Amino acid sequence: MFRTILWITLGVILLGGVYFIFSADQKLDEMVIDTESAIIKKSPAEVSKPEAFIAEAEEEPENFYVLMIGLDQRGNDLMLNTDSLIVAHIIPQEHLVKLISIPRDQKVPDPESPGNFKKINAIFAEGYNHALREAKKDPSLLSGKKVSIGKKRISEEYISSGMVALRETFEDFLSISIENTFLVNFETVVGLVDEVGGIEINVDRSMQYTAEFDGTHIDLQRGLQILDGRNALNYARHRLDDRGVNFESSDFDRGRRQQEVITALVKKMTSWGNLTKTLNLLDIVTTNVKTDMSRGKMISLVKDFYGDLNSDSVISVPYPGYWKSPYVHIDEDDLRETIEQFTSIEKPIVPLAVD
């Protein structure tokens, strides 16, 4: 989920070393999804590249941007509203990754209804459902290939269409060109944290929430503690609280906690030398993560970062949005400054702290 997509992929594979990467080719193939199969109103090739990015790309061809999408699965239901959205600026020559989290309620233009707006977390579902409607009218649009997202097997075209719709929205919003997209099921975090024996988190407040309809049960107390996978996920996504609005978490709170969980997970994984269990970690990733990044590029990226993956490699760019019902807004000047910080290859801005 959220920044899990990039760091799980890098961290897990780095544990086994380069030899392990090449021996795991088949598993990496299970992660790959063809976004050229997307059923959209215009093909990805027809989307023009923002001029600002073209100029930067000509000067620094090694840099590229990746969109990371977190989907939630509650029981047997896959939730199409994206619960976590992160864009990564990957700068291999500096062994640096810049990350920016966009709140799920961020106001963006509605691609299906010019002149209107919607929350950015609804765009994936919009692309998915557009493909579903079109395929019902013309079944030949479907190749028959299905991809696994957790416990679900879904037509590739539906997933790829949601990914492309959201990618294009982010390209317009941030004035960048996104080269690859990762989609991850939240259950990835549960499995990975449990596999490495838990992570240490200083829980900043008590949290109590139960939702019988999807089996959610959050009961956390304040203090430094080792969280198992389920509690780590609960800590990261806590929003509503049974005790009322004064105990609820905002999207900005959730974004900060997501960073804490993933930073702790990366720290544990990169210091964890159990090669026997590394294959189990990779199984968890390949089952729950899908990407249009090729196997060769994943291997190349890991080789670029091999031996240099640590807390100083990750820069978190603050997002100065604010809530005004029913959306998160951001002032134009703030957005422009944030984009400049994010697209720059200079480091660092705000390093992620690791205790």
# chains A, B, ... in the order shown; residues from 1 in each chain; ligands from 1
>>> select_by_dssp(residues="segment 53-300 of chain A", states="strand (DSSP E or B)", output="ChimeraX atom specification")
/A:64-74,77-91,96-101,106-109,117-119,146-149,152-155,178-185,199-203,207-211,216-220,223-227,289-291
>>> write_last_selection(atoms="C-alpha atoms", output="short mmCIF file (atom, residue, chain, number, x, y, z; two decimals), in the first residue's frame")
data_model
loop_
_atom_site.label_atom_id
_atom_site.label_comp_id
_atom_site.auth_asym_id
_atom_site.auth_seq_id
_atom_site.Cartn_x
_atom_site.Cartn_y
_atom_site.Cartn_z
CA PHE A 64 11.58 9.11 -13.82
CA TYR A 65 8.30 9.21 -11.93
CA VAL A 66 6.24 6.34 -10.54
CA LEU A 67 2.64 6.41 -9.31
CA MET A 68 1.83 4.13 -6.37
CA ILE A 69 -1.82 3.26 -5.74
CA GLY A 70 -3.11 1.57 -2.57
CA LEU A 71 -6.35 -0.42 -2.81
CA ASP A 72 -8.20 -1.81 0.19
CA GLN A 73 -9.69 -5.30 0.35
CA ARG A 74 -12.26 -5.83 3.08
CA ASP A 77 -14.65 -7.14 -1.45
CA LEU A 78 -12.05 -5.12 -3.35
CA MET A 79 -12.65 -1.43 -2.70
CA LEU A 80 -12.24 0.61 -5.90
CA ASN A 81 -11.84 3.96 -4.17
CA THR A 82 -8.08 4.29 -3.76
CA ASP A 83 -7.14 4.74 -0.12
CA SER A 84 -3.54 5.85 -0.58
CA LEU A 85 -1.88 7.75 -3.42
CA ILE A 86 1.84 8.44 -3.65
CA VAL A 87 4.06 9.64 -6.48
CA ALA A 88 7.78 8.82 -6.41
CA HIS A 89 10.52 10.76 -8.18
CA ILE A 90 13.28 8.20 -8.65
CA ILE A 91 16.78 9.63 -9.13
CA LEU A 96 17.55 9.12 -4.08
CA VAL A 97 13.77 8.74 -4.06
CA LYS A 98 11.45 11.69 -3.42
CA LEU A 99 7.93 10.87 -2.33
CA ILE A 100 4.81 12.99 -2.23
CA SER A 101 1.51 11.80 -0.77
CA GLN A 106 -7.89 16.21 -3.16
CA LYS A 107 -10.14 18.18 -5.54
CA VAL A 108 -9.40 17.52 -9.23
CA PRO A 109 -11.30 18.07 -12.51
CA PHE A 117 -14.83 18.24 -9.99
CA LYS A 118 -14.40 15.12 -7.90
CA LYS A 119 -12.13 13.57 -5.30
CA LYS A 146 -6.93 -12.12 -15.51
CA VAL A 147 -4.67 -10.73 -12.79
CA SER A 148 -4.65 -11.51 -9.09
CA ILE A 149 -5.22 -8.73 -6.57
CA LYS A 152 -9.56 -11.57 -6.40
CA ARG A 153 -8.89 -12.46 -10.05
CA ILE A 154 -9.99 -9.64 -12.33
CA SER A 155 -9.84 -8.99 -16.07
CA ILE A 178 4.63 9.26 -15.09
CA GLU A 179 6.52 6.35 -16.55
CA ASN A 180 5.24 3.49 -14.40
CA THR A 181 2.38 2.67 -12.06
CA PHE A 182 2.22 0.25 -9.14
CA LEU A 183 -1.05 -1.05 -7.71
CA VAL A 184 -1.00 -2.76 -4.32
CA ASN A 185 -3.49 -4.47 -2.08
CA ILE A 199 7.72 -3.49 13.57
CA GLU A 200 8.39 -1.00 16.35
CA ILE A 201 6.06 2.02 16.33
CA ASN A 202 5.49 4.78 18.86
CA VAL A 203 1.67 4.95 18.70
CA MET A 207 -7.53 4.36 18.59
CA GLN A 208 -10.84 2.53 18.87
CA TYR A 209 -13.01 1.60 15.92
CA THR A 210 -15.15 -1.38 14.96
CA ALA A 211 -17.01 -1.95 11.70
CA THR A 216 -12.45 -4.00 10.95
CA HIS A 217 -11.46 -3.91 14.63
CA ILE A 218 -8.97 -1.28 15.81
CA ASP A 219 -7.96 -1.15 19.48
CA LEU A 220 -4.60 0.53 20.02
CA GLY A 223 3.14 4.16 23.55
CA LEU A 224 6.18 2.54 21.98
CA GLN A 225 5.35 -1.05 21.03
CA ILE A 226 5.84 -3.86 18.53
CA LEU A 227 2.91 -4.02 16.13
CA VAL A 289 1.35 -5.96 -6.27
CA LYS A 290 0.81 -5.27 -9.98
CA THR A 291 2.86 -2.93 -12.15
#
>>> select_by_dssp(residues="segment 123-241 of chain A", states="alpha helix (DSSP H)", output="JSON, numbers by chain")
{"A": [123, 124, 125, 126, 127, 128, 129, 130, 131, 132, 133, 134, 135, 136, 137, 156, 157, 158, 159, 160, 161, 162, 163, 164, 165, 166, 167, 168, 169, 170, 171, 172, 173, 174, 187, 188, 189, 190, 191, 192, 193, 194, 195, 229, 230, 231, 232, 233, 234, 235, 236, 237]}
>>> residues_around(residues="Ser250 of chain A", least_positions_apart="5", cutoff="12 Å", atoms="only C-alpha atoms", output="number ranges by chain")
A: 103-105, 236-241, 245, 255-257, 321-323, 328
>>> write_last_selection(atoms="N, CA and C atoms", output="short mmCIF file (atom, residue, chain, number, x, y, z; two decimals), in the first residue's frame")
data_model
loop_
_atom_site.label_atom_id
_atom_site.label_comp_id
_atom_site.auth_asym_id
_atom_site.auth_seq_id
_atom_site.Cartn_x
_atom_site.Cartn_y
_atom_site.Cartn_z
N PRO A 103 -3.54 13.61 -0.68
CA PRO A 103 -4.72 13.18 0.07
C PRO A 103 -5.80 12.64 -0.85
N ARG A 104 -6.50 11.63 -0.41
CA ARG A 104 -7.50 10.98 -1.25
C ARG A 104 -8.68 11.88 -1.57
N ASP A 105 -8.89 12.95 -0.75
CA ASP A 105 -9.99 13.87 -1.00
C ASP A 105 -9.56 15.10 -1.79
N ALA A 236 -1.97 2.58 10.46
CA ALA A 236 -1.75 3.41 9.28
C ALA A 236 -3.04 3.96 8.69
N ARG A 237 -4.14 3.21 8.79
CA ARG A 237 -5.34 3.66 8.10
C ARG A 237 -6.45 4.15 9.04
N HIS A 238 -6.18 4.27 10.35
CA HIS A 238 -7.20 4.76 11.28
C HIS A 238 -7.75 6.11 10.82
N ARG A 239 -9.08 6.21 10.76
CA ARG A 239 -9.73 7.47 10.38
C ARG A 239 -10.90 7.75 11.30
N LEU A 240 -11.94 6.93 11.25
CA LEU A 240 -13.08 7.09 12.12
C LEU A 240 -12.78 6.49 13.49
N ASP A 241 -13.51 6.96 14.53
CA ASP A 241 -13.29 6.45 15.87
C ASP A 241 -14.64 6.33 16.58
N VAL A 245 -15.93 12.50 16.85
CA VAL A 245 -15.08 13.24 15.91
C VAL A 245 -13.79 13.75 16.54
N GLY A 255 -1.56 10.05 6.43
CA GLY A 255 -0.37 10.09 5.59
C GLY A 255 0.90 10.02 6.40
N ARG A 256 0.93 10.74 7.53
CA ARG A 256 2.10 10.70 8.41
C ARG A 256 2.30 9.31 8.98
N ARG A 257 1.23 8.67 9.42
CA ARG A 257 1.35 7.33 10.01
C ARG A 257 1.76 6.30 8.96
N GLY A 321 -1.73 20.98 1.58
CA GLY A 321 -3.16 21.08 1.31
C GLY A 321 -3.94 21.41 2.57
N TYR A 322 -5.20 21.73 2.39
CA TYR A 322 -6.08 22.03 3.53
C TYR A 322 -7.49 21.56 3.21
N TRP A 323 -8.21 21.24 4.28
CA TRP A 323 -9.56 20.69 4.15
C TRP A 323 -10.61 21.80 4.13
N VAL A 328 -10.15 18.32 -0.22
CA VAL A 328 -8.87 18.91 0.14
C VAL A 328 -8.48 19.85 -1.00
#
>>> closest_residue(among="A:Leu301, A:Ala165, A:Ile284, A:Ile159", to="Glu62 of chain A", atoms="only C-alpha atoms")
A:Leu301
>>> atom_distance(atom1="atom CA of Val196 of chain A", atom2="atom CA of Glu260 of chain A")
16.3 Å
>>> atom_distance(atom1="atom CA of Pro320 of chain A", atom2="atom CA of Gln221 of chain A")
29.0 Å
>>> atom_distance(atom1="atom CA of Val285 of chain A", atom2="atom CA of Asp228 of chain A")
17.5 Å
